[in-house]
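What follows is a single structure, written as structure tokens, with notes after it.
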Amino acid sequence: MNWGMAMTEKRQDESLEAFFAAARQAAPEPSEALLARVMSDARLAWRPVVRAEGLWTRVLAAVGGWGALGGMATAALTGVWIGYAGIADLGAISDGFAGGETVELLPGTEDIAFLDGWGE
Amino acid sequence: MTVAFDAENMVDDAALLARYGRGEDAAARLLTERLTPLALRLATRMLGDRDEAEDVAQEAMLRLWRVAPDWRPGGAKVSTWLYRVTANLCSDRLRRRRGVALDDVPEPEDGYPAVTDQMMAANRAAALEAALLTLPERQRQAVVLRHLEGLANPEIAAIMDIGVEAVESLVARGKRGLTAALQGARDELGYGDD
């Protein structure tokens, strides 16, 4: 850009700036009615932010929520208790088998012909 | 309370948008008061029609409310996004007014008669706004954003989805067009010494 063009642009800018300044001063302002309409839209358009689900949230949903999780915990604790409390009776149960008493595993099978001689 | 008011003014638009997303009415009100004027100013200068500009400003703000839950912090400035949406809405309306595709519209040969008519009873601001309406749409948008909204060229480039050099070119051509459009009536309005 030569000096003449630069001067022309400078004068043009200075000349226009008075108009720009006047227009900035006279900038349109929103009416109260417009602001009220925009606020009304804001309330009508509002929808909650959906947050990304974490692993724990998905696991919880998969098993059926907190209620189901409570049931599972109760069942697990019951199993632990039964396992622990049952240890004392294990000896009695095994003594019963080792004592030579007859335990009829298939009651009534003596009447079935094809089983004749099966236990001999 | 003044202190609280000042503190709220320090909160940036994206933070307010997040608060609106959590259902905070006061955040919506602050955003409304901050951003509606911005959309209205651009739309008024682009369309030259106050009623239509109000409709555009309301529609642009509605789109902001709808996008709020999905807004990503750290991305574009809210105001940049709103300028862009407003500009696009204005383009749609201008296209409908013309009833032809934007690319088929020839650049105005001469804007003097329309400008002069309006300048007869106008002040400088009205004269400039009338002259703006004689510019091709993209030049008008670039000049309004640069010289009336006071934005830097990189932000204008983001709003208009073009490069910074293209912005500079549009602004320069727009100002030459304004100078020419205003020249015809300067003496008549008593601005000969400006």
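Labels for the structure tokens follow display order: chains A, B, ..., residues from 1 in each chain, ligands from 1.
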
**Item:** Distance query Ser91 of chain B at most 10 Å, only C-alpha atoms, self and fewer than 4 positions along chain excluded, as a list in words
**Value:** Ala43, Met46, Leu47, Val85, Thr86, Ala87, Arg95, Arg96, Arg97, Leu102, Glu137, Arg138 and Gln141 of chain B

**Prompt:** Ala33 of chain A: which residues within 12 Å, counting only C-alpha atoms, same-chain residues fewer than 6 positions away excluded, as number ranges by chain?
**Reply:** A: 39-40; B: 36, 54-55, 58

Export N, CA and C atoms of the chosen residues as a short mmCIF file (atom, residue, chain, number, x, y, z; two decimals), in the first residue's frame?
data_model
loop_
_atom_site.label_atom_id
_atom_site.label_comp_id
_atom_site.auth_asym_id
_atom_site.auth_seq_id
_atom_site.Cartn_x
_atom_site.Cartn_y
_atom_site.Cartn_z
N MET A 39 -37.14 -14.60 29.26
CA MET A 39 -37.14 -15.29 30.58
C MET A 39 -38.19 -16.39 30.60
N SER A 40 -39.33 -16.12 30.02
CA SER A 40 -40.39 -17.13 29.97
C SER A 40 -39.91 -18.35 29.19
N THR B 36 -29.29 -10.80 25.67
CA THR B 36 -30.37 -10.40 24.75
C THR B 36 -30.00 -9.10 24.01
N GLU B 54 -36.34 -8.34 17.09
CA GLU B 54 -36.76 -8.87 18.40
C GLU B 54 -37.07 -10.36 18.29
N ASP B 55 -37.75 -10.74 17.21
CA ASP B 55 -38.07 -12.17 17.02
C ASP B 55 -36.79 -12.99 16.92
N GLN B 58 -35.06 -13.27 20.33
CA GLN B 58 -35.76 -14.23 21.19
C GLN B 58 -35.45 -15.66 20.75
#

**Message:** Using only C-alpha atoms, I'd like every residue of chain A that has an atom within 8 Å of chain B; please write them out as a PyMOL selection string.
**Reply:** chain A and resi 12-16+18-24+26-30+34-35+37-39+41-43+45-50

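The coordinates place atom CA of Ser169 of chain B at 18.5 Å from atom CA of Ala131 of chain B.
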
**Message:** Between atom CA of Ala15 of chain B and atom CA of Gly75 of chain B, what is the distance in Å, rounded to a tenth?
**Reply:** 12.2 Å
